[in-house]
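Chemist: This is final-v9.csv, which holds CSV, C-alpha atoms and all ligand atoms:
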```
chain,number,residue,atom,x,y,z
T,19,MET,CA,0.0,0.0,0.0
T,20,LEU,CA,1.2,3.5,-0.9
T,21,THR,CA,0.9,6.1,1.9
T,22,LEU,CA,1.4,9.8,1.1
T,23,HIS,CA,2.3,12.2,4.0
T,24,HIS,CA,0.6,15.3,2.7
T,25,LEU,CA,1.1,18.8,3.9
T,26,ASN,CA,-1.5,21.3,2.8
T,27,LEU,CA,-0.5,23.8,0.1
T,28,SER,CA,2.7,22.0,-0.6
T,29,ARG,CA,4.8,20.2,-3.2
T,30,SER,CA,3.0,17.1,-2.1
T,31,GLN,CA,0.2,18.1,-4.5
T,32,ARG,CA,2.6,16.8,-7.3
T,33,VAL,CA,2.6,13.3,-5.8
T,34,LEU,CA,-1.2,13.3,-5.3
T,35,TRP,CA,-1.7,14.3,-9.0
T,36,ALA,CA,0.7,11.6,-10.1
T,37,LEU,CA,-1.0,8.9,-8.0
T,38,GLU,CA,-4.4,10.0,-9.5
T,39,GLU,CA,-3.0,10.0,-13.0
T,40,LEU,CA,-1.7,6.4,-12.5
T,41,HIS,CA,-5.0,5.3,-10.9
T,42,LEU,CA,-3.1,3.9,-7.9
T,43,PRO,CA,-4.7,3.1,-4.6
T,44,TYR,CA,-3.2,5.1,-1.8
T,45,GLU,CA,-3.8,6.4,1.7
T,46,ILE,CA,-3.2,10.0,2.8
T,47,VAL,CA,-2.0,11.2,6.1
T,48,HIS,CA,-2.8,14.9,6.4
T,49,TYR,CA,-0.6,17.5,8.0
T,50,GLN,CA,-1.5,21.2,8.4
T,51,ARG,CA,1.1,23.9,8.2
T,52,GLU,CA,1.8,25.8,11.4
T,53,PRO,CA,1.0,29.5,11.6
T,54,THR,CA,4.7,30.0,10.7
T,55,MET,CA,4.0,28.0,7.5
T,56,LEU,CA,6.4,25.4,8.7
T,57,ALA,CA,5.4,21.7,8.9
T,58,PRO,CA,4.3,20.2,12.2
T,59,ALA,CA,7.0,18.3,14.1
T,60,ALA,CA,5.1,15.0,13.5
T,61,LEU,CA,6.6,14.9,9.9
T,62,LYS,CA,10.1,14.5,11.4
T,63,LYS,CA,8.9,11.1,12.8
T,64,VAL,CA,8.3,10.0,9.2
T,65,HIS,CA,11.5,11.4,7.6
T,66,PRO,CA,14.4,13.2,9.3
T,67,LEU,CA,14.0,16.3,7.1
T,68,GLY,CA,10.5,16.8,8.3
T,69,LYS,CA,9.3,18.0,4.9
T,70,SER,CA,6.4,17.0,2.6
T,71,PRO,CA,6.0,15.1,0.4
T,72,VAL,CA,7.0,11.8,1.8
T,73,LEU,CA,5.7,8.6,0.2
T,74,GLU,CA,5.8,5.2,1.9
T,75,ASP,CA,5.8,2.1,-0.2
T,76,ASP,CA,6.0,-1.3,1.4
T,77,GLY,CA,8.5,-0.2,4.1
T,78,GLN,CA,10.4,2.2,1.8
T,79,VAL,CA,10.3,5.8,2.9
T,80,LEU,CA,10.8,8.2,-0.1
T,81,ALA,CA,11.4,11.9,0.1
T,82,GLU,CA,12.1,14.7,-2.5
T,83,SER,CA,9.2,15.2,-4.8
T,84,GLY,CA,11.1,14.8,-8.1
T,85,ALA,CA,12.7,11.5,-6.9
T,86,ILE,CA,9.2,10.3,-5.8
T,87,LEU,CA,7.8,11.1,-9.3
T,88,GLU,CA,10.6,9.2,-11.0
T,89,TYR,CA,10.1,6.3,-8.6
T,90,LEU,CA,6.3,6.2,-9.4
T,91,GLN,CA,7.0,6.4,-13.1
T,92,GLU,CA,9.6,3.6,-13.0
T,93,ASN,CA,7.6,1.3,-10.8
T,94,TYR,CA,3.9,2.0,-11.5
T,95,ASP,CA,3.7,3.3,-15.1
T,96,PRO,CA,4.2,0.2,-17.2
T,97,ASP,CA,2.8,1.9,-20.4
T,98,SER,CA,5.0,5.0,-19.9
T,99,ARG,CA,1.9,7.3,-19.9
T,100,LEU,CA,3.9,9.9,-17.9
T,101,LYS,CA,7.2,9.7,-19.7
T,102,PRO,CA,7.6,10.7,-23.3
T,103,ALA,CA,8.9,8.1,-25.8
T,104,SER,CA,11.1,10.2,-28.1
T,105,ALA,CA,14.7,10.9,-27.3
T,106,ALA,CA,14.2,14.6,-27.9
T,107,ASP,CA,11.2,14.8,-25.6
T,108,ARG,CA,13.1,12.8,-22.9
T,109,ILE,CA,15.8,15.4,-22.9
T,110,GLN,CA,13.2,18.0,-22.1
T,111,TYR,CA,11.6,15.7,-19.6
T,112,ARG,CA,14.8,15.4,-17.6
T,113,PHE,CA,15.5,19.1,-17.9
T,114,TRP,CA,12.2,20.3,-16.5
T,115,LEU,CA,12.1,17.6,-13.8
T,116,HIS,CA,15.4,19.0,-12.5
T,117,TYR,CA,14.8,22.7,-13.4
T,118,ALA,CA,11.7,23.0,-11.2
T,119,GLU,CA,13.6,22.4,-7.9
T,120,GLY,CA,17.1,23.1,-9.0
T,121,SER,CA,16.6,26.6,-10.6
T,122,LEU,CA,13.2,28.1,-10.4
T,123,MET,CA,12.2,27.2,-6.8
T,124,PRO,CA,15.3,28.7,-5.2
T,125,LEU,CA,14.5,32.0,-6.9
T,126,LEU,CA,10.9,31.9,-5.7
T,127,LEU,CA,12.0,31.0,-2.2
T,128,MET,CA,14.4,34.0,-2.2
T,129,LYS,CA,11.6,36.2,-3.4
T,130,LEU,CA,9.5,35.1,-0.5
T,131,VAL,CA,12.3,35.7,2.0
T,132,PHE,CA,13.5,39.0,0.7
T,133,SER,CA,9.9,40.4,0.5
T,134,GLN,CA,9.4,39.5,4.2
T,135,LEU,CA,12.4,41.2,5.6
T,136,GLY,CA,10.4,44.2,6.8
T,137,LYS,CA,7.9,42.0,8.7
T,138,ARG,CA,7.6,39.6,11.6
T,139,PRO,CA,9.4,37.5,12.7
T,140,VAL,CA,12.2,40.1,11.9
T,141,PRO,CA,12.7,42.0,15.2
T,142,VAL,CA,11.0,45.4,15.1
T,143,GLY,CA,14.2,47.4,15.3
T,144,LEU,CA,15.6,45.7,12.2
T,145,ARG,CA,12.5,45.9,10.0
T,146,THR,CA,13.2,49.2,8.4
T,147,VAL,CA,16.7,48.2,7.3
T,148,GLY,CA,15.4,44.7,6.4
T,149,LYS,CA,12.8,46.2,4.1
T,150,VAL,CA,15.3,48.4,2.4
T,151,LEU,CA,17.8,45.6,2.0
T,152,GLY,CA,15.1,43.2,0.7
T,153,LYS,CA,13.8,45.6,-1.8
T,154,GLY,CA,17.2,46.5,-3.0
T,155,ILE,CA,18.2,42.9,-3.7
T,156,GLN,CA,14.9,42.3,-5.4
T,157,LYS,CA,15.3,45.3,-7.7
T,158,ALA,CA,19.0,44.9,-8.4
T,159,TRP,CA,19.1,41.2,-9.0
T,160,LEU,CA,16.3,38.9,-8.1
T,161,ASP,CA,13.5,40.4,-10.2
T,162,LYS,CA,15.7,40.4,-13.3
T,163,GLN,CA,16.5,36.7,-12.7
T,164,LEU,CA,12.8,35.9,-12.4
T,165,ALA,CA,11.9,37.9,-15.5
T,166,THR,CA,14.5,35.9,-17.5
T,167,HIS,CA,13.1,32.6,-16.2
T,168,ALA,CA,9.5,33.7,-16.9
T,169,GLY,CA,10.5,34.7,-20.5
T,170,PHE,CA,12.3,31.3,-20.9
T,171,ILE,CA,9.2,29.3,-19.8
T,172,GLU,CA,6.9,31.4,-22.0
T,173,ALA,CA,9.1,30.9,-25.0
T,174,HIS,CA,9.2,27.1,-24.4
T,175,LEU,CA,5.4,26.8,-24.0
T,176,ALA,CA,4.8,28.9,-27.1
T,177,GLU,CA,6.3,26.0,-29.0
T,178,HIS,CA,5.1,23.0,-26.9
T,179,ILE,CA,1.7,22.1,-25.4
T,180,TRP,CA,3.3,20.3,-22.4
T,181,PHE,CA,6.7,20.8,-20.9
T,182,ALA,CA,8.1,17.7,-22.5
T,183,GLY,CA,6.4,17.8,-25.8
T,184,GLU,CA,2.9,16.8,-27.0
T,185,GLN,CA,2.2,14.4,-24.1
T,186,MET,CA,1.5,15.4,-20.5
T,187,SER,CA,4.3,13.9,-18.3
T,188,MET,CA,5.9,13.9,-14.9
T,189,ALA,CA,7.7,17.0,-16.1
T,190,ASP,CA,4.4,18.9,-16.0
T,191,ILE,CA,3.6,17.4,-12.6
T,192,GLN,CA,6.9,18.6,-11.2
T,193,MET,CA,6.5,22.1,-12.7
T,194,ILE,CA,3.1,22.8,-11.1
T,195,TYR,CA,4.4,24.1,-7.8
T,196,PRO,CA,6.8,26.8,-9.1
T,197,ALA,CA,4.6,27.6,-12.1
T,198,PHE,CA,1.5,28.2,-10.0
T,199,ALA,CA,3.5,30.3,-7.6
T,200,LEU,CA,5.0,32.4,-10.4
T,201,LEU,CA,1.6,33.1,-11.8
T,202,ALA,CA,0.1,33.9,-8.4
T,203,ARG,CA,2.9,36.5,-7.7
T,204,GLY,CA,1.7,38.2,-11.0
T,205,GLU,CA,4.8,40.4,-11.1
T,206,GLN,CA,6.1,39.2,-14.4
T,207,GLY,CA,3.3,40.7,-16.4
T,208,PRO,CA,1.0,38.5,-18.5
T,209,LEU,CA,2.3,35.0,-19.1
T,210,PRO,CA,-0.4,33.8,-21.6
T,211,HIS,CA,1.3,30.5,-22.5
T,212,LEU,CA,1.9,29.5,-18.9
T,213,GLU,CA,-1.6,30.6,-18.1
T,214,ARG,CA,-3.0,28.3,-20.9
T,215,TRP,CA,-0.9,25.4,-19.7
T,216,LYS,CA,-2.3,26.0,-16.1
T,217,GLN,CA,-5.8,25.9,-17.6
T,218,ARG,CA,-5.1,22.6,-19.4
T,219,VAL,CA,-3.8,21.2,-16.1
T,220,GLU,CA,-6.9,22.3,-14.2
T,221,ALA,CA,-9.2,20.7,-16.7
T,222,LEU,CA,-7.7,17.2,-16.1
T,223,PRO,CA,-9.9,14.9,-14.1
T,224,ALA,CA,-6.9,13.5,-12.2
T,225,TRP,CA,-5.8,17.0,-11.2
T,226,GLN,CA,-9.3,17.8,-10.0
T,227,LYS,CA,-9.4,14.6,-7.9
T,228,ALA,CA,-6.0,15.5,-6.5
T,229,ILE,CA,-7.3,18.9,-5.4
T,230,ALA,CA,-10.4,17.3,-3.9
T,231,GLN,CA,-8.1,15.0,-1.9
T,232,GLY,CA,-5.3,17.5,-0.9
T,233,GLY,CA,-6.9,20.9,-0.9
T,234,PRO,CA,-6.4,23.8,-3.3
T,235,LEU,CA,-3.0,24.9,-4.6
T,236,ASP,CA,-3.8,28.6,-4.1
T,237,PHE,CA,-0.7,30.7,-3.4
T,238,PRO,CA,-1.2,34.1,-1.9
T,239,GLY,CA,-0.6,36.9,-4.5
T,240,SER,CA,2.5,39.2,-4.3
K,1,LIG,N1,12.9,19.8,-2.6
K,1,LIG,C1,11.9,19.2,-1.7
K,1,LIG,C2,11.3,20.3,-0.9
K,1,LIG,C3,10.4,19.8,0.2
K,1,LIG,C4,9.8,21.0,1.0
K,1,LIG,O1,10.5,22.0,1.3
K,1,LIG,N2,8.5,20.9,1.3
K,1,LIG,C5,7.8,22.0,1.9
K,1,LIG,C6,6.4,22.1,1.4
K,1,LIG,S1,6.3,22.6,-0.2
K,1,LIG,C7,7.8,21.7,3.4
K,1,LIG,O2,7.6,20.6,3.9
K,1,LIG,N3,7.8,22.8,4.2
K,1,LIG,C8,7.6,22.8,5.6
K,1,LIG,C9,8.8,23.1,6.3
K,1,LIG,O3,9.8,23.5,5.8
K,1,LIG,O4,8.7,23.0,7.6
K,1,LIG,C10,10.9,18.5,-2.6
K,1,LIG,O5,10.8,18.8,-3.7
K,1,LIG,O6,10.2,17.6,-2.0
```
Mind converting the file's structure to structure tokens?

Modeler:
Amino acid sequence: MLTLHHLNLSRSQRVLWALEELHLPYEIVHYQREPTMLAPAALKKVHPLGKSPVLEDDGQVLAESGAILEYLQENYDPDSRLKPASAADRIQYRFWLHYAEGSLMPLLLMKLVFSQLGKRPVPVGLRTVGKVLGKGIQKAWLDKQLATHAGFIEAHLAEHIWFAGEQMSMADIQMIYPAFALLARGEQGPLPHLERWKQRVEALPAWQKAIAQGGPLDFPGS
């Protein structure tokens, strides 16, 4: 039996969507984020890093969403529904699977941190300087980086229906978290190709079931 340790509004939504796409039976253990947005301590009992997602499969404890998606594809997708067949599409598949956590998520996380430097839990006396520092870094460097990435994604989706070609794949599943966060921030101007990709995702029955199981993937706006 597969058991997913699922934190609300988290990367765990990727795994839920994959489980639904593959029509696999699974159990969910739900965790709610603390007011700090951190995961409850109970998750550390499941895996030492205390993050979500964690998937248990017959005694195996698997962490890291991209690794979990690859595990599911290799072990539970005998017809390769979620991995493209052509060599060219597989290059894209591998790229986007790594890019989501390796390149785009760190920038979005930095955006979150630098935009919070003028607020709690930063001590009152440091908030003014924190705000100036945070804004300065965003303007001088971070926002330009994000604009480059947004343009890169738009250009790719102008040519491709899904991230790894004409077939929806684990690459799309991995991209939902940073892509939805990028769209919700809304600071990169209109991203029509990414928006259309999001609409295609939201129309899928498996996605809708995953949302019904795990809760909405609604990021607060910027
Ligand atoms: N790179 C990891 C990141 C895991 C991660 O940071 N998960 C977040 C939820 S999206 C989490 O558990 N946050 C709660 C915390 O840090 O306490 C993955 O892709 O699985």

Chemist: Would you please work out which residue, of T:Gly233, T:Pro196, T:Gly183, T:Pro223, is nearest to Leu125 of chain T when using all atoms listed in the file?

Modeler: T:Pro196

Chemist: Show me which residues are within 7 Å of ligand LIG 1 (chain K) counting all atoms listed in the file, and format the list as a list in words.

Modeler: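 Checking all atoms listed in the file against ligand LIG 1 (chain K) at 7 Å gives Leu25, Leu27, Ser28, Arg29, Ser30, Met55, Leu56, Ala57, Pro58, Gly68, Lys69, Ser70, Pro71, Ala81, Glu82, Ser83, Gly84 and Glu119 of chain T.
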
Chemist: Taking only residues of segment 71-175 of chain T that have an atom at most 12 Å from an atom of segment 235-240 of chain T, what is each one's shortest atom pair and its distance in Å to one decimal, using all atoms listed in the file, in chain and number order, as a Markdown table?

Modeler:
```
| residue | atom | partner | partner_atom | distance |
| --- | --- | --- | --- | --- |
| T:Leu126 | CA | T:Ser240 | CA | 11.2 |
| T:Lys129 | CA | T:Ser240 | CA | 9.6 |
| T:Leu130 | CA | T:Ser240 | CA | 9.0 |
| T:Ser133 | CA | T:Ser240 | CA | 8.9 |
| T:Gln134 | CA | T:Ser240 | CA | 11.0 |
```

Chemist: Please identify all polymer residues within 10 Å of His24 of chain T, counting all atoms listed in the file, omitting same-chain residues fewer than 2 positions from it, and present them as a list in words.

Modeler: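 Counting only the stated atoms, we get Thr21, Leu22, Asn26, Leu27, Ser28, Arg29, Ser30, Gln31, Val33, Leu34, Glu45, Ile46, Val47, His48, Tyr49, Gln50, Leu61, Lys69, Ser70, Pro71, Val72, Leu73, Gln231 and Gly232 of chain T.
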
Chemist: Write the residues of the selection above to a file with C-alpha atoms, as a compact mmCIF listing (two decimals), in the frame of the given file.

Modeler:
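The file below, again-v6.txt, is the result:
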```txt
# COMPACT_ATOMS: atom_id res chain seq x y z
CA THR T 21 0.90 6.10 1.90
CA LEU T 22 1.40 9.80 1.10
CA ASN T 26 -1.50 21.30 2.80
CA LEU T 27 -0.50 23.80 0.10
CA SER T 28 2.70 22.00 -0.60
CA ARG T 29 4.80 20.20 -3.20
CA SER T 30 3.00 17.10 -2.10
CA GLN T 31 0.20 18.10 -4.50
CA VAL T 33 2.60 13.30 -5.80
CA LEU T 34 -1.20 13.30 -5.30
CA GLU T 45 -3.80 6.40 1.70
CA ILE T 46 -3.20 10.00 2.80
CA VAL T 47 -2.00 11.20 6.10
CA HIS T 48 -2.80 14.90 6.40
CA TYR T 49 -0.60 17.50 8.00
CA GLN T 50 -1.50 21.20 8.40
CA LEU T 61 6.60 14.90 9.90
CA LYS T 69 9.30 18.00 4.90
CA SER T 70 6.40 17.00 2.60
CA PRO T 71 6.00 15.10 0.40
CA VAL T 72 7.00 11.80 1.80
CA LEU T 73 5.70 8.60 0.20
CA GLN T 231 -8.10 15.00 -1.90
CA GLY T 232 -5.30 17.50 -0.90
```

Chemist: Ranking T:Met193, T:Gln163, T:Leu40, T:Arg32 by minimum distance to Asp97 of chain T and counting only C-alpha atoms, which one comes first?

Modeler: T:Leu40

Chemist: May I have the residues within 9 Å of segment 199-215 of chain T as a PyMOL selection string, using all atoms listed in the file and disregarding those fewer than 3 positions away in the same chain?

Modeler: chain T and resi 126+161+164-165+168-169+171-176+179-181+194-196+218-220+235-240

Chemist: With C-alpha atoms retained, could you export that selection as a PDB file, keeping the file's coordinate frame?

Modeler:
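So the final result, stored in part.pdb, reads:
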```pdb
ATOM      1  CA  LEU T 126      10.900  31.900  -5.700  1.00  0.00           C
ATOM      2  CA  ASP T 161      13.500  40.400 -10.200  1.00  0.00           C
ATOM      3  CA  LEU T 164      12.800  35.900 -12.400  1.00  0.00           C
ATOM      4  CA  ALA T 165      11.900  37.900 -15.500  1.00  0.00           C
ATOM      5  CA  ALA T 168       9.500  33.700 -16.900  1.00  0.00           C
ATOM      6  CA  GLY T 169      10.500  34.700 -20.500  1.00  0.00           C
ATOM      7  CA  ILE T 171       9.200  29.300 -19.800  1.00  0.00           C
ATOM      8  CA  GLU T 172       6.900  31.400 -22.000  1.00  0.00           C
ATOM      9  CA  ALA T 173       9.100  30.900 -25.000  1.00  0.00           C
ATOM     10  CA  HIS T 174       9.200  27.100 -24.400  1.00  0.00           C
ATOM     11  CA  LEU T 175       5.400  26.800 -24.000  1.00  0.00           C
ATOM     12  CA  ALA T 176       4.800  28.900 -27.100  1.00  0.00           C
ATOM     13  CA  ILE T 179       1.700  22.100 -25.400  1.00  0.00           C
ATOM     14  CA  TRP T 180       3.300  20.300 -22.400  1.00  0.00           C
ATOM     15  CA  PHE T 181       6.700  20.800 -20.900  1.00  0.00           C
ATOM     16  CA  ILE T 194       3.100  22.800 -11.100  1.00  0.00           C
ATOM     17  CA  TYR T 195       4.400  24.100  -7.800  1.00  0.00           C
ATOM     18  CA  PRO T 196       6.800  26.800  -9.100  1.00  0.00           C
ATOM     19  CA  ARG T 218      -5.100  22.600 -19.400  1.00  0.00           C
ATOM     20  CA  VAL T 219      -3.800  21.200 -16.100  1.00  0.00           C
ATOM     21  CA  GLU T 220      -6.900  22.300 -14.200  1.00  0.00           C
ATOM     22  CA  LEU T 235      -3.000  24.900  -4.600  1.00  0.00           C
ATOM     23  CA  ASP T 236      -3.800  28.600  -4.100  1.00  0.00           C
ATOM     24  CA  PHE T 237      -0.700  30.700  -3.400  1.00  0.00           C
ATOM     25  CA  PRO T 238      -1.200  34.100  -1.900  1.00  0.00           C
ATOM     26  CA  GLY T 239      -0.600  36.900  -4.500  1.00  0.00           C
ATOM     27  CA  SER T 240       2.500  39.200  -4.300  1.00  0.00           C
TER      28      SER T 240
END
```

Chemist: In terms of the shortest atom-to-atom distance over only C-alpha atoms, which of T:Ser104, T:Thr54, T:Gln226, T:Gln185 is closest to Pro139 of chain T?

Modeler: T:Thr54

Chemist: Within 12 Å of (6.9, -0.9, -0.7) (file coordinates; all atoms listed in the file), which protein or nucleic acid residues are there? I'd like them as a PyMOL selection string.

Modeler: chain T and resi 19-21+44+73-80+89-90+93-94

Chemist: Can you measure atom CA of Lys62 of chain T to atom CA of Ile86 of chain T for me? One decimal in Å is fine.

Modeler: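 That distance, rounded to one decimal, is 17.7 Å.
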
Chemist: Have a look at atom CA of Asp190 of chain T and atom CA of Leu160 of chain T and let me know their distance in Å, one decimal.

Modeler: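 That distance, rounded to one decimal, is 24.6 Å.
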
Chemist: Quick one, how far is atom CA of Glu177 of chain T from atom CA of Ala228 of chain T?

Modeler: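 Atom CA of Glu177 of chain T sits 27.7 Å away from atom CA of Ala228 of chain T.
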
Chemist: Dump as a CSV table (one decimal) with C-alpha atoms, in the coordinates of the input all residues having an atom at most 10 Å from (8.4, 16.3, -19.7), computed in the file's coordinates with all atoms listed in the file.

Modeler:
```csv
chain,number,residue,atom,x,y,z
T,100,LEU,CA,3.9,9.9,-17.9
T,101,LYS,CA,7.2,9.7,-19.7
T,102,PRO,CA,7.6,10.7,-23.3
T,107,ASP,CA,11.2,14.8,-25.6
T,108,ARG,CA,13.1,12.8,-22.9
T,109,ILE,CA,15.8,15.4,-22.9
T,110,GLN,CA,13.2,18.0,-22.1
T,111,TYR,CA,11.6,15.7,-19.6
T,112,ARG,CA,14.8,15.4,-17.6
T,113,PHE,CA,15.5,19.1,-17.9
T,114,TRP,CA,12.2,20.3,-16.5
T,115,LEU,CA,12.1,17.6,-13.8
T,180,TRP,CA,3.3,20.3,-22.4
T,181,PHE,CA,6.7,20.8,-20.9
T,182,ALA,CA,8.1,17.7,-22.5
T,183,GLY,CA,6.4,17.8,-25.8
T,184,GLU,CA,2.9,16.8,-27.0
T,185,GLN,CA,2.2,14.4,-24.1
T,186,MET,CA,1.5,15.4,-20.5
T,187,SER,CA,4.3,13.9,-18.3
T,188,MET,CA,5.9,13.9,-14.9
T,189,ALA,CA,7.7,17.0,-16.1
T,190,ASP,CA,4.4,18.9,-16.0
T,191,ILE,CA,3.6,17.4,-12.6
T,192,GLN,CA,6.9,18.6,-11.2
T,193,MET,CA,6.5,22.1,-12.7
```

Chemist: Point out the residue among T:His178, T:Leu37, T:Gly120, T:His23 with the least atom-to-atom distance to Lys227 of chain T, counting only C-alpha atoms.

Modeler: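 Between T:His178, T:Leu37, T:Gly120, T:His23, the residue approaching Lys227 of chain T most closely is T:Leu37.
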